[in-house]
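Structure file coords_5.pdb (PDB, C-alpha atoms) follows.
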ATOM      1  CA  MET A   1      15.690  78.822  16.366
ATOM      2  CA  ARG A   2      14.571  75.853  18.473
ATOM      3  CA  LYS A   3      16.286  72.483  18.520
ATOM      4  CA  VAL A   4      16.370  69.277  20.530
ATOM      5  CA  VAL A   5      19.608  68.601  22.390
ATOM      6  CA  ALA A   6      21.115  66.394  25.118
ATOM      7  CA  GLU A   7      24.437  66.606  26.929
ATOM      8  CA  THR A   8      24.615  62.832  27.485
ATOM      9  CA  LEU A   9      23.277  59.716  25.740
ATOM     10  CA  ASP A  10      21.978  58.134  28.937
ATOM     11  CA  SER A  11      18.250  58.271  28.163
ATOM     12  CA  ILE A  12      15.628  59.920  26.007
ATOM     13  CA  ASP A  13      14.526  61.852  29.100
ATOM     14  CA  GLY A  14      17.793  63.787  28.864
ATOM     15  CA  TYR A  15      16.726  65.522  25.631
ATOM     16  CA  ARG A  16      15.164  68.992  25.697
ATOM     17  CA  ILE A  17      13.928  71.609  23.242
ATOM     18  CA  VAL A  18      16.105  74.692  23.665
ATOM     19  CA  GLU A  19      16.555  78.088  22.038
ATOM     20  CA  ALA A  20      19.779  78.200  20.028
ATOM     21  CA  GLU A  21      21.605  80.245  17.435
ATOM     22  CA  ALA A  22      21.152  79.363  13.768
ATOM     23  CA  PRO A  23      23.743  76.862  12.487
ATOM     24  CA  THR A  24      26.958  78.171  10.958
ATOM     25  CA  LEU A  25      27.069  77.756   7.198
ATOM     26  CA  GLY A  26      30.341  76.610   5.632
ATOM     27  CA  PRO A  27      31.543  76.315   2.033
ATOM     28  CA  GLY A  28      29.730  73.604   0.111
ATOM     29  CA  GLU A  29      26.896  73.489   2.629
ATOM     30  CA  VAL A  30      23.239  74.478   2.776
ATOM     31  CA  VAL A  31      20.867  75.400   5.593
ATOM     32  CA  VAL A  32      17.447  73.753   5.429
ATOM     33  CA  ALA A  33      14.307  75.106   7.067
ATOM     34  CA  VAL A  34      13.080  71.761   8.354
ATOM     35  CA  GLU A  35       9.439  70.847   7.848
ATOM     36  CA  ALA A  36       9.725  67.151   8.769
ATOM     37  CA  VAL A  37      12.449  64.841  10.047
ATOM     38  CA  GLY A  38      12.518  61.072   9.732
ATOM     39  CA  VAL A  39      12.771  58.936  12.879
ATOM     40  CA  GLY A  40      13.936  55.353  12.440
ATOM     41  CA  TYR A  41      15.145  52.602  14.740
ATOM     42  CA  ALA A  42      18.752  53.585  14.050
ATOM     43  CA  ASP A  43      18.050  57.230  14.941
ATOM     44  CA  ALA A  44      16.741  56.131  18.320
ATOM     45  CA  LEU A  45      19.776  53.878  18.875
ATOM     46  CA  VAL A  46      22.122  56.765  18.043
ATOM     47  CA  ALA A  47      20.238  59.023  20.463
ATOM     48  CA  LEU A  48      20.864  56.477  23.212
ATOM     49  CA  GLY A  49      24.499  55.763  22.316
ATOM     50  CA  ARG A  50      23.691  52.193  21.298
ATOM     51  CA  TYR A  51      24.580  52.465  17.617
ATOM     52  CA  GLN A  52      27.865  51.223  16.122
ATOM     53  CA  VAL A  53      28.943  54.850  15.606
ATOM     54  CA  LYS A  54      28.461  57.171  18.597
ATOM     55  CA  PRO A  55      27.739  60.867  17.943
ATOM     56  CA  PRO A  56      29.721  63.729  19.484
ATOM     57  CA  LEU A  57      28.153  65.604  22.395
ATOM     58  CA  PRO A  58      26.038  67.609  22.800
ATOM     59  CA  HIS A  59      23.790  65.661  20.435
ATOM     60  CA  THR A  60      20.771  66.679  18.372
ATOM     61  CA  PRO A  61      19.066  63.661  16.750
ATOM     62  CA  GLY A  62      17.898  63.423  13.157
ATOM     63  CA  GLY A  63      19.819  62.873   9.944
ATOM     64  CA  GLU A  64      17.148  62.976   7.223
ATOM     65  CA  VAL A  65      14.832  65.916   6.677
ATOM     66  CA  GLY A  66      12.389  67.377   4.213
ATOM     67  CA  GLY A  67      11.980  71.131   3.872
ATOM     68  CA  ARG A  68      13.142  74.194   1.968
ATOM     69  CA  ILE A  69      16.613  75.636   1.483
ATOM     70  CA  ALA A  70      17.071  78.696   3.706
ATOM     71  CA  ALA A  71      20.678  79.546   2.804
ATOM     72  CA  VAL A  72      23.358  78.377   0.371
ATOM     73  CA  GLY A  73      27.080  78.322   1.111
ATOM     74  CA  GLU A  74      30.002  79.330  -1.049
ATOM     75  CA  GLY A  75      30.652  77.040  -4.010
ATOM     76  CA  VAL A  76      27.237  75.391  -4.026
ATOM     77  CA  GLU A  77      25.785  74.997  -7.506
ATOM     78  CA  GLY A  78      22.418  73.791  -8.716
ATOM     79  CA  LEU A  79      20.603  74.657  -5.480
ATOM     80  CA  LYS A  80      18.958  77.905  -4.424
ATOM     81  CA  VAL A  81      17.044  79.411  -1.547
ATOM     82  CA  GLY A  82      13.434  78.241  -1.583
ATOM     83  CA  ASP A  83      14.050  74.884  -3.273
ATOM     84  CA  ARG A  84      11.976  72.026  -1.837
ATOM     85  CA  VAL A  85      14.456  69.331  -0.862
ATOM     86  CA  MET A  86      15.281  66.171   1.013
ATOM     87  CA  ALA A  87      18.602  66.439   2.807
ATOM     88  CA  GLN A  88      21.155  64.657   4.934
ATOM     89  CA  VAL A  89      21.892  67.046   7.800
ATOM     90  CA  ARG A  90      23.526  67.355  11.177
ATOM     91  CA  GLY A  91      20.887  67.651  13.878
ATOM     92  CA  GLY A  92      17.569  67.420  12.070
ATOM     93  CA  PHE A  93      15.434  67.778  15.205
ATOM     94  CA  ALA A  94      15.589  71.549  14.750
ATOM     95  CA  GLU A  95      13.906  74.380  12.912
ATOM     96  CA  LEU A  96      17.107  74.929  10.915
ATOM     97  CA  ALA A  97      19.714  72.288  10.068
ATOM     98  CA  VAL A  98      22.905  72.354   8.021
ATOM     99  CA  GLY A  99      24.350  69.676   5.771
ATOM    100  CA  PRO A 100      26.608  69.157   2.745
ATOM    101  CA  ALA A 101      25.175  70.135  -0.620
ATOM    102  CA  ALA A 102      26.120  66.675  -1.901
ATOM    103  CA  GLY A 103      23.477  65.223   0.434
ATOM    104  CA  VAL A 104      20.699  67.507  -0.800
ATOM    105  CA  GLN A 105      18.213  66.508  -3.501
ATOM    106  CA  VAL A 106      15.460  68.680  -4.990
ATOM    107  CA  ILE A 107      12.185  66.765  -4.725
ATOM    108  CA  PRO A 108       9.329  66.492  -7.245
ATOM    109  CA  GLU A 109       6.198  68.555  -6.700
ATOM    110  CA  ALA A 110       4.307  65.318  -6.089
ATOM    111  CA  MET A 111       6.429  64.559  -3.008
ATOM    112  CA  THR A 112       5.628  66.005   0.426
ATOM    113  CA  ALA A 113       8.211  67.015   3.017
ATOM    114  CA  ALA A 114       7.065  64.148   5.252
ATOM    115  CA  GLU A 115       7.583  61.644   2.419
ATOM    116  CA  ALA A 116      11.012  63.127   1.717
ATOM    117  CA  ALA A 117      12.057  62.958   5.373
ATOM    118  CA  GLY A 118      11.884  59.183   5.459
ATOM    119  CA  PHE A 119      12.964  58.409   1.929
ATOM    120  CA  ARG A 120      16.654  58.698   1.086
ATOM    121  CA  ILE A 121      18.329  56.091   3.280
ATOM    122  CA  ASN A 122      15.496  53.546   3.248
ATOM    123  CA  TYR A 123      15.012  53.573  -0.506
ATOM    124  CA  ILE A 124      18.691  53.714  -1.450
ATOM    125  CA  THR A 125      19.184  50.782   0.932
ATOM    126  CA  ALA A 126      16.439  48.868  -0.857
ATOM    127  CA  LEU A 127      17.682  49.604  -4.370
ATOM    128  CA  HIS A 128      21.331  48.950  -3.489
ATOM    129  CA  GLY A 129      20.445  45.702  -1.751
ATOM    130  CA  LEU A 130      18.057  44.341  -4.344
ATOM    131  CA  ARG A 131      19.794  45.535  -7.505
ATOM    132  CA  ASP A 132      23.516  45.637  -6.626
ATOM    133  CA  ARG A 133      23.846  42.943  -3.979
ATOM    134  CA  ALA A 134      21.082  40.474  -4.898
ATOM    135  CA  ASN A 135      20.868  41.172  -8.647
ATOM    136  CA  VAL A 136      17.116  40.634  -8.529
ATOM    137  CA  GLN A 137      15.630  39.648 -11.878
ATOM    138  CA  PRO A 138      12.040  39.974 -13.119
ATOM    139  CA  GLY A 139       9.952  37.014 -12.012
ATOM    140  CA  GLU A 140      12.088  36.116  -9.002
ATOM    141  CA  THR A 141      10.438  35.751  -5.596
ATOM    142  CA  VAL A 142      11.613  38.105  -2.850
ATOM    143  CA  VAL A 143      10.649  37.516   0.781
ATOM    144  CA  VAL A 144      10.687  40.750   2.782
ATOM    145  CA  LEU A 145      11.074  40.277   6.532
ATOM    146  CA  GLY A 146       9.977  43.092   8.828
ATOM    147  CA  ALA A 147       8.033  44.312   5.834
ATOM    148  CA  ALA A 148       5.880  46.937   7.581
ATOM    149  CA  GLY A 149       8.822  49.028   8.801
ATOM    150  CA  GLY A 150      10.538  51.808   6.874
ATOM    151  CA  VAL A 151      13.231  49.639   5.272
ATOM    152  CA  GLY A 152      10.776  46.808   4.724
ATOM    153  CA  ALA A 153       8.167  48.996   3.036
ATOM    154  CA  ALA A 154      10.858  50.357   0.728
ATOM    155  CA  GLY A 155      11.886  46.780  -0.046
ATOM    156  CA  ILE A 156       8.364  45.823  -1.098
ATOM    157  CA  GLN A 157       7.996  48.784  -3.427
ATOM    158  CA  VAL A 158      11.449  48.593  -4.989
ATOM    159  CA  ALA A 159      11.276  44.816  -5.478
ATOM    160  CA  LYS A 160       7.944  45.217  -7.278
ATOM    161  CA  ARG A 161       9.430  48.011  -9.390
ATOM    162  CA  LEU A 162      12.220  45.585 -10.391
ATOM    163  CA  GLY A 163       9.648  43.029 -11.530
ATOM    164  CA  ALA A 164       9.851  40.602  -8.613
ATOM    165  CA  ARG A 165       7.061  38.725  -6.880
ATOM    166  CA  VAL A 166       6.993  39.826  -3.236
ATOM    167  CA  ILE A 167       5.976  37.921  -0.127
ATOM    168  CA  ALA A 168       5.861  40.235   2.885
ATOM    169  CA  THR A 169       6.150  39.012   6.456
ATOM    170  CA  ALA A 170       4.742  40.969   9.386
ATOM    171  CA  SER A 171       3.604  40.205  12.921
ATOM    172  CA  THR A 172       0.014  41.534  12.892
ATOM    173  CA  GLU A 173      -2.949  41.550  10.546
ATOM    174  CA  GLU A 174      -2.817  45.358  10.422
ATOM    175  CA  LYS A 175       0.806  45.250   9.297
ATOM    176  CA  ARG A 176       0.116  42.541   6.726
ATOM    177  CA  ASP A 177      -2.770  44.569   5.282
ATOM    178  CA  PHE A 178      -0.413  47.563   5.084
ATOM    179  CA  CYS A 179       2.118  45.461   3.152
ATOM    180  CA  LEU A 180      -0.531  44.308   0.701
ATOM    181  CA  SER A 181      -1.561  47.927   0.162
ATOM    182  CA  LEU A 182       2.028  48.673  -0.895
ATOM    183  CA  GLY A 183       1.858  46.032  -3.610
ATOM    184  CA  ALA A 184       3.033  42.824  -1.917
ATOM    185  CA  ASP A 185       1.641  39.776  -3.703
ATOM    186  CA  ALA A 186       1.122  37.899  -0.444
ATOM    187  CA  ALA A 187       1.601  38.460   3.283
ATOM    188  CA  LEU A 188       2.723  35.928   5.849
ATOM    189  CA  ASP A 189       2.825  35.873   9.652
ATOM    190  CA  THR A 190       6.065  35.648  11.665
ATOM    191  CA  THR A 191       5.345  32.733  14.026
ATOM    192  CA  PRO A 192       8.470  30.525  13.717
ATOM    193  CA  GLU A 193       6.681  27.185  14.227
ATOM    194  CA  GLY A 194       5.687  25.834  10.824
ATOM    195  CA  TRP A 195       6.755  29.054   9.100
ATOM    196  CA  ARG A 196       8.835  27.351   6.416
ATOM    197  CA  ASP A 197       5.895  25.192   5.367
ATOM    198  CA  ARG A 198       3.577  28.200   5.196
ATOM    199  CA  LEU A 199       6.155  30.115   3.162
ATOM    200  CA  LYS A 200       6.570  27.246   0.713
ATOM    201  CA  ALA A 201       2.806  27.040   0.259
ATOM    202  CA  VAL A 202       2.441  30.776  -0.341
ATOM    203  CA  ALA A 203       5.514  31.001  -2.584
ATOM    204  CA  GLY A 204       4.620  27.915  -4.598
ATOM    205  CA  GLY A 205       8.177  26.673  -4.098
ATOM    206  CA  ALA A 206      11.478  28.078  -2.894
ATOM    207  CA  PRO A 207      12.087  31.854  -2.920
ATOM    208  CA  THR A 208      15.232  33.257  -4.484
ATOM    209  CA  VAL A 209      15.922  36.311  -2.298
ATOM    210  CA  ILE A 210      15.459  37.050   1.406
ATOM    211  CA  TYR A 211      15.423  40.775   2.234
ATOM    212  CA  ASP A 212      16.164  40.888   5.965
ATOM    213  CA  PRO A 213      16.417  44.089   8.032
ATOM    214  CA  VAL A 214      15.406  42.103  11.142
ATOM    215  CA  CYS A 215      17.786  39.127  11.508
ATOM    216  CA  GLY A 216      15.620  37.731  14.276
ATOM    217  CA  PRO A 217      14.014  34.329  14.923
ATOM    218  CA  LEU A 218      13.256  33.782  11.211
ATOM    219  CA  PHE A 219      16.862  34.329  10.115
ATOM    220  CA  GLU A 220      17.877  30.674   9.854
ATOM    221  CA  PRO A 221      14.465  29.330   8.740
ATOM    222  CA  ALA A 222      14.438  31.921   5.968
ATOM    223  CA  PHE A 223      17.911  30.993   4.751
ATOM    224  CA  ARG A 224      17.022  27.304   4.839
ATOM    225  CA  SER A 225      13.979  28.093   2.673
ATOM    226  CA  LEU A 226      16.039  29.538  -0.198
ATOM    227  CA  GLY A 227      16.299  27.691  -3.466
ATOM    228  CA  TRP A 228      19.514  26.968  -5.338
ATOM    229  CA  GLY A 229      21.507  30.141  -5.988
ATOM    230  CA  GLY A 230      19.495  32.120  -3.453
ATOM    231  CA  ARG A 231      20.653  35.328  -1.787
ATOM    232  CA  HIS A 232      19.928  36.337   1.802
ATOM    233  CA  LEU A 233      20.456  40.080   2.366
ATOM    234  CA  VAL A 234      21.611  40.983   5.881
ATOM    235  CA  MET A 235      20.462  44.580   6.360
ATOM    236  CA  GLY A 236      20.056  45.196  10.092
ATOM    237  CA  PHE A 237      19.486  43.658  13.490
ATOM    238  CA  VAL A 238      16.269  45.044  14.938
ATOM    239  CA  GLY A 239      15.201  41.517  15.908
ATOM    240  CA  GLY A 240      17.331  41.321  19.052
ATOM    241  CA  PRO A 241      20.574  39.384  19.615
ATOM    242  CA  ILE A 242      22.607  38.921  16.429
ATOM    243  CA  PRO A 243      21.917  35.384  15.130
ATOM    244  CA  ALA A 244      24.433  32.845  13.843
ATOM    245  CA  LEU A 245      24.172  30.537  10.841
ATOM    246  CA  PRO A 246      25.952  27.175  10.347
ATOM    247  CA  SER A 247      28.409  27.943   7.563
ATOM    248  CA  ASN A 248      27.826  24.586   5.861
ATOM    249  CA  LEU A 249      24.319  25.747   4.912
ATOM    250  CA  THR A 250      25.724  28.151   2.333
ATOM    251  CA  LEU A 251      27.417  25.232   0.587
ATOM    252  CA  MET A 252      24.461  22.864   0.899
ATOM    253  CA  LYS A 253      22.018  25.450  -0.440
ATOM    254  CA  GLY A 254      24.374  26.910  -3.031
ATOM    255  CA  SER A 255      23.219  30.225  -1.606
ATOM    256  CA  ALA A 256      24.901  33.407  -0.424
ATOM    257  CA  LEU A 257      24.675  35.426   2.767
ATOM    258  CA  VAL A 258      25.175  39.014   1.595
ATOM    259  CA  GLY A 259      25.795  42.120   3.688
ATOM    260  CA  VAL A 260      24.055  45.394   2.791
ATOM    261  CA  ASP A 261      25.488  48.489   4.518
ATOM    262  CA  VAL A 262      24.168  51.676   2.952
ATOM    263  CA  ARG A 263      26.370  53.878   5.128
ATOM    264  CA  GLN A 264      29.564  52.403   3.710
ATOM    265  CA  PHE A 265      28.053  52.115   0.220
ATOM    266  CA  LEU A 266      27.515  55.880   0.145
ATOM    267  CA  ILE A 267      31.073  56.454   1.418
ATOM    268  CA  PHE A 268      32.835  54.112  -1.019
ATOM    269  CA  GLU A 269      30.524  54.481  -4.021
ATOM    270  CA  PRO A 270      29.037  57.992  -3.789
ATOM    271  CA  ALA A 271      28.511  58.364  -7.537
ATOM    272  CA  LYS A 272      26.532  55.141  -7.689
ATOM    273  CA  GLY A 273      24.517  56.201  -4.669
ATOM    274  CA  ARG A 274      23.651  59.427  -6.447
ATOM    275  CA  GLU A 275      22.581  57.474  -9.533
ATOM    276  CA  HIS A 276      20.316  55.321  -7.378
ATOM    277  CA  LEU A 277      18.703  58.394  -5.825
ATOM    278  CA  GLU A 278      18.104  59.923  -9.257
ATOM    279  CA  THR A 279      16.506  56.660 -10.395
ATOM    280  CA  LEU A 280      14.246  56.632  -7.349
ATOM    281  CA  MET A 281      13.285  60.294  -7.803
ATOM    282  CA  GLY A 282      12.405  59.524 -11.398
ATOM    283  CA  TRP A 283      10.032  56.796 -10.241
ATOM    284  CA  VAL A 284       8.438  59.196  -7.740
ATOM    285  CA  ALA A 285       8.046  61.946 -10.337
ATOM    286  CA  ALA A 286       6.468  59.468 -12.774
ATOM    287  CA  GLY A 287       3.995  58.304 -10.139
ATOM    288  CA  SER A 288       5.196  54.698 -10.104
ATOM    289  CA  LEU A 289       6.590  54.982  -6.563
ATOM    290  CA  LYS A 290       4.632  56.567  -3.695
ATOM    291  CA  PRO A 291       6.439  56.313  -0.342
ATOM    292  CA  PRO A 292       4.091  55.783   2.607
ATOM    293  CA  VAL A 293       4.274  58.151   5.566
ATOM    294  CA  GLY A 294       4.161  56.520   8.964
ATOM    295  CA  ARG A 295       2.951  58.012  12.219
ATOM    296  CA  ALA A 296       3.597  61.750  12.494
ATOM    297  CA  PHE A 297       4.482  63.416  15.801
ATOM    298  CA  ALA A 298       4.505  67.114  16.670
ATOM    299  CA  PHE A 299       7.870  68.740  17.396
ATOM    300  CA  GLU A 300       7.018  68.924  21.101
ATOM    301  CA  ASP A 301       6.411  65.167  21.081
ATOM    302  CA  PHE A 302       9.897  64.280  19.851
ATOM    303  CA  ALA A 303      10.558  62.040  22.883
ATOM    304  CA  PRO A 304       7.507  59.790  22.316
ATOM    305  CA  ALA A 305       8.536  59.664  18.643
ATOM    306  CA  LEU A 306      11.980  58.298  19.552
ATOM    307  CA  GLU A 307      10.428  55.825  21.980
ATOM    308  CA  PHE A 308       7.899  54.731  19.338
ATOM    309  CA  ALA A 309      10.679  54.171  16.802
ATOM    310  CA  LEU A 310      12.279  51.701  19.213
ATOM    311  CA  THR A 311       9.123  49.583  19.514
ATOM    312  CA  GLY A 312       8.934  48.374  15.918
ATOM    313  CA  GLN A 313       5.182  48.999  15.942
ATOM    314  CA  GLY A 314       5.156  51.652  13.220
ATOM    315  CA  LEU A 315       3.916  51.297   9.665
ATOM    316  CA  GLY A 316       6.515  52.853   7.363
ATOM    317  CA  LYS A 317       8.891  55.592   8.512
ATOM    318  CA  THR A 318       7.926  57.634  11.586
ATOM    319  CA  VAL A 319       8.298  61.412  11.196
ATOM    320  CA  VAL A 320       8.391  64.448  13.458
ATOM    321  CA  THR A 321       6.793  67.585  12.034
ATOM    322  CA  ILE A 322       8.988  70.587  12.821
ATOM    323  CA  VAL A 323       7.354  73.393  10.841
ATOM    324  CA  THR A 324       3.959  73.295   9.151
ATOM    325  CA  PRO A 325       4.558  74.136   5.476
TER
END
Mind converting the file's structure to structure tokens?
Amino acid sequence: MRKVVAETLDSIDGYRIVEAEAPTLGPGEVVVAVEAVGVGYADALVALGRYQVKPPLPHTPGGEVGGRIAAVGEGVEGLKVGDRVMAQVRGGFAELAVGPAAGVQVIPEAMTAAEAAGFRINYITALHGLRDRANVQPGETVVVLGAAGGVGAAGIQVAKRLGARVIATASTEEKRDFCLSLGADAALDTTPEGWRDRLKAVAGGAPTVIYDPVCGPLFEPAFRSLGWGGRHLVMGFVGGPIPALPSNLTLMKGSALVGVDVRQFLIFEPAKGREHLETLMGWVAAGSLKPPVGRAFAFEDFAPALEFALTGQGLGKTVVTIVTP
């Protein structure tokens, strides 16, 4: 098989497509013939050694894939060769990748491999954040920052599915139009000057939840805009240096700053994570949730895909197509 690999994490230029042996299959594992692999900001950070958890070397990027099961290990139940799946794997930038059966989910016929490749982490993050951490109720107003990215797009769709009114924020007209196409009730620019006034006018008052995978220049203005009992979800830091917030604001606003870490959620509450994924798959199967596919790159263009993921210019989750189904 072919796979992407690097011996160091110094730069994207250090990655190459090489010929390699098929991955070794252990008990409780499956091998997936990869059709598409998701490429997010975090994937690019991991590839460059800039993420909070550094991978062992040599490193093959990619943790989320869509494809078909090629082999099933000892003790695996409920999965069989040929099943169309989304999967958490080790080294998804490859024609074959292995991962634990617990991280494999059969996908509905209505879902493509490209949709599956960018789905699991983004949408579980959104549902965990909005339902578990923010306790979003029907009729509440949710402001989604960085709304055109993979996590942001998932936030728009899940918040709408939970009955919330959604105000999306994005930096360009193209991105704002994309957010509206996903169901956002309104879309707002990201220019800090006068932003709180524009938000108040669009929201018709104070929002109740801030969904924030950016934590950039709008971090403090967004928190200050919350109404009484508001919740500000801290979900990532793609906006640059990590911002600070005067702690007295939480008291003055009667509002909470709430961390959302899907990686630890899935470690400490795996059963609940599985329930969330089943809920999400039910919505997809019923046609009430259609995940958007971002820009798709060919396997040979994996390096530009990683570089593109770092720019924040994409609409939805970027994918690399490994094998044409």
Query - Long-range neighbours of Val323 (chain A) as an MDAnalysis selection string, 8 Å cut-off, only C-alpha atoms, 4 positions minimum in chain - result: chainID A and resid 34:36 95
Report task. Could you state which residues are captured by the PyMOL selection byres ((chain A and resi 127) around 9) in this file, as an MDAnalysis selection string? Result -> chainID A and resid 122:126 128:132 154:155 158:159 276:277 280
Write out the residues from the selection above, keeping C-alpha atoms, as a compact mmCIF listing (two decimals), in the coordinates of the input.
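Writing done, so here's part-v9.txt:
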# COMPACT_ATOMS: atom_id res chain seq x y z
CA ASN A 122 15.50 53.55 3.25
CA TYR A 123 15.01 53.57 -0.51
CA ILE A 124 18.69 53.71 -1.45
CA THR A 125 19.18 50.78 0.93
CA ALA A 126 16.44 48.87 -0.86
CA HIS A 128 21.33 48.95 -3.49
CA GLY A 129 20.44 45.70 -1.75
CA LEU A 130 18.06 44.34 -4.34
CA ARG A 131 19.79 45.54 -7.50
CA ASP A 132 23.52 45.64 -6.63
CA ALA A 154 10.86 50.36 0.73
CA GLY A 155 11.89 46.78 -0.05
CA VAL A 158 11.45 48.59 -4.99
CA ALA A 159 11.28 44.82 -5.48
CA HIS A 276 20.32 55.32 -7.38
CA LEU A 277 18.70 58.39 -5.82
CA LEU A 280 14.25 56.63 -7.35
Selection result for the PyMOL selection byres ((chain A and resi 209) around 6) on this file, as a short mmCIF file (atom, residue, chain, number, x, y, z; two decimals) with C-alpha atoms, keeping the file's coordinate frame:
data_model
loop_
_atom_site.label_atom_id
_atom_site.label_comp_id
_atom_site.auth_asym_id
_atom_site.auth_seq_id
_atom_site.Cartn_x
_atom_site.Cartn_y
_atom_site.Cartn_z
CA VAL A 142 11.61 38.10 -2.85
CA PRO A 207 12.09 31.85 -2.92
CA THR A 208 15.23 33.26 -4.48
CA ILE A 210 15.46 37.05 1.41
CA GLY A 230 19.50 32.12 -3.45
CA ARG A 231 20.65 35.33 -1.79
CA HIS A 232 19.93 36.34 1.80
#
Query raised in the report: So which one's closest to Phe219 (chain A), A:Val144, A:Leu289, A:Ala42, A:Val76? Using only C-alpha atoms, please.
Result: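 Selected residue with least distance to Phe219 (chain A): A:Val144.
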Query raised in the report: Between A:Ala22, A:Gly150, A:Glu220, A:Leu162, which has the minimum distance to Asn135 (chain A) (counting only C-alpha atoms)?
Result: A:Leu162
Query raised in the report: Just so the selection is clear, what residues does the PyMOL selection byres ((chain A and resi 111) around 10) cover here, as a list of chain:residue names?
Result: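 This file, filtered by the PyMOL selection byres ((chain A and resi 111) around 10), leaves A:Gly66, A:Arg84, A:Val85, A:Met86, A:Ile107, A:Pro108, A:Glu109, A:Ala110, A:Thr112, A:Ala113, A:Ala114, A:Glu115, A:Ala116, A:Met281, A:Val284, A:Ala285, A:Gly287, A:Lys290, A:Pro291.
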Start from the incomplete input, build all heavy atoms for region 67-72 of chain A, and deliver everything as a PDB file, in the coordinates of the input.
ATOM      1  N   GLY A  67      12.260  69.721   3.607  1.00  0.00           N
ATOM      2  CA  GLY A  67      11.980  71.131   3.872  1.00  0.00           C
ATOM      3  C   GLY A  67      12.366  72.000   2.701  1.00  0.00           C
ATOM      4  O   GLY A  67      12.350  71.556   1.546  1.00  0.00           O
ATOM      5  N   ARG A  68      12.745  73.242   3.001  1.00  0.00           N
ATOM      6  CA  ARG A  68      13.142  74.194   1.968  1.00  0.00           C
ATOM      7  C   ARG A  68      14.515  74.775   2.301  1.00  0.00           C
ATOM      8  O   ARG A  68      14.841  74.980   3.480  1.00  0.00           O
ATOM      9  CB  ARG A  68      12.123  75.329   1.854  1.00  0.00           C
ATOM     10  CG  ARG A  68      10.758  74.884   1.355  1.00  0.00           C
ATOM     11  CD  ARG A  68       9.792  76.048   1.245  1.00  0.00           C
ATOM     12  NE  ARG A  68       8.456  75.592   0.836  1.00  0.00           N
ATOM     13  CZ  ARG A  68       8.058  75.474  -0.415  1.00  0.00           C
ATOM     14  NH1 ARG A  68       8.893  75.800  -1.402  1.00  0.00           N
ATOM     15  NH2 ARG A  68       6.844  75.046  -0.711  1.00  0.00           N
ATOM     16  N   ILE A  69      15.296  75.046   1.271  1.00  0.00           N
ATOM     17  CA  ILE A  69      16.613  75.636   1.483  1.00  0.00           C
ATOM     18  C   ILE A  69      16.453  77.068   1.984  1.00  0.00           C
ATOM     19  O   ILE A  69      15.741  77.879   1.382  1.00  0.00           O
ATOM     20  CB  ILE A  69      17.445  75.608   0.190  1.00  0.00           C
ATOM     21  CG1 ILE A  69      17.761  74.154  -0.197  1.00  0.00           C
ATOM     22  CG2 ILE A  69      18.736  76.407   0.350  1.00  0.00           C
ATOM     23  CD1 ILE A  69      18.569  74.012  -1.464  1.00  0.00           C
ATOM     24  N   ALA A  70      17.120  77.363   3.110  1.00  0.00           N
ATOM     25  CA  ALA A  70      17.071  78.696   3.706  1.00  0.00           C
ATOM     26  C   ALA A  70      18.318  79.513   3.394  1.00  0.00           C
ATOM     27  O   ALA A  70      18.282  80.747   3.413  1.00  0.00           O
ATOM     28  CB  ALA A  70      16.895  78.585   5.224  1.00  0.00           C
ATOM     29  N   ALA A  71      19.436  78.846   3.127  1.00  0.00           N
ATOM     30  CA  ALA A  71      20.678  79.546   2.804  1.00  0.00           C
ATOM     31  C   ALA A  71      21.599  78.587   2.068  1.00  0.00           C
ATOM     32  O   ALA A  71      21.563  77.375   2.287  1.00  0.00           O
ATOM     33  CB  ALA A  71      21.361  80.069   4.072  1.00  0.00           C
ATOM     34  N   VAL A  72      22.435  79.154   1.194  1.00  0.00           N
ATOM     35  CA  VAL A  72      23.358  78.377   0.371  1.00  0.00           C
ATOM     36  C   VAL A  72      24.773  78.883   0.596  1.00  0.00           C
ATOM     37  O   VAL A  72      25.026  80.091   0.548  1.00  0.00           O
ATOM     38  CB  VAL A  72      22.981  78.494  -1.127  1.00  0.00           C
ATOM     39  CG1 VAL A  72      23.990  77.759  -1.991  1.00  0.00           C
ATOM     40  CG2 VAL A  72      21.588  77.943  -1.368  1.00  0.00           C
TER      41      VAL A  72
END
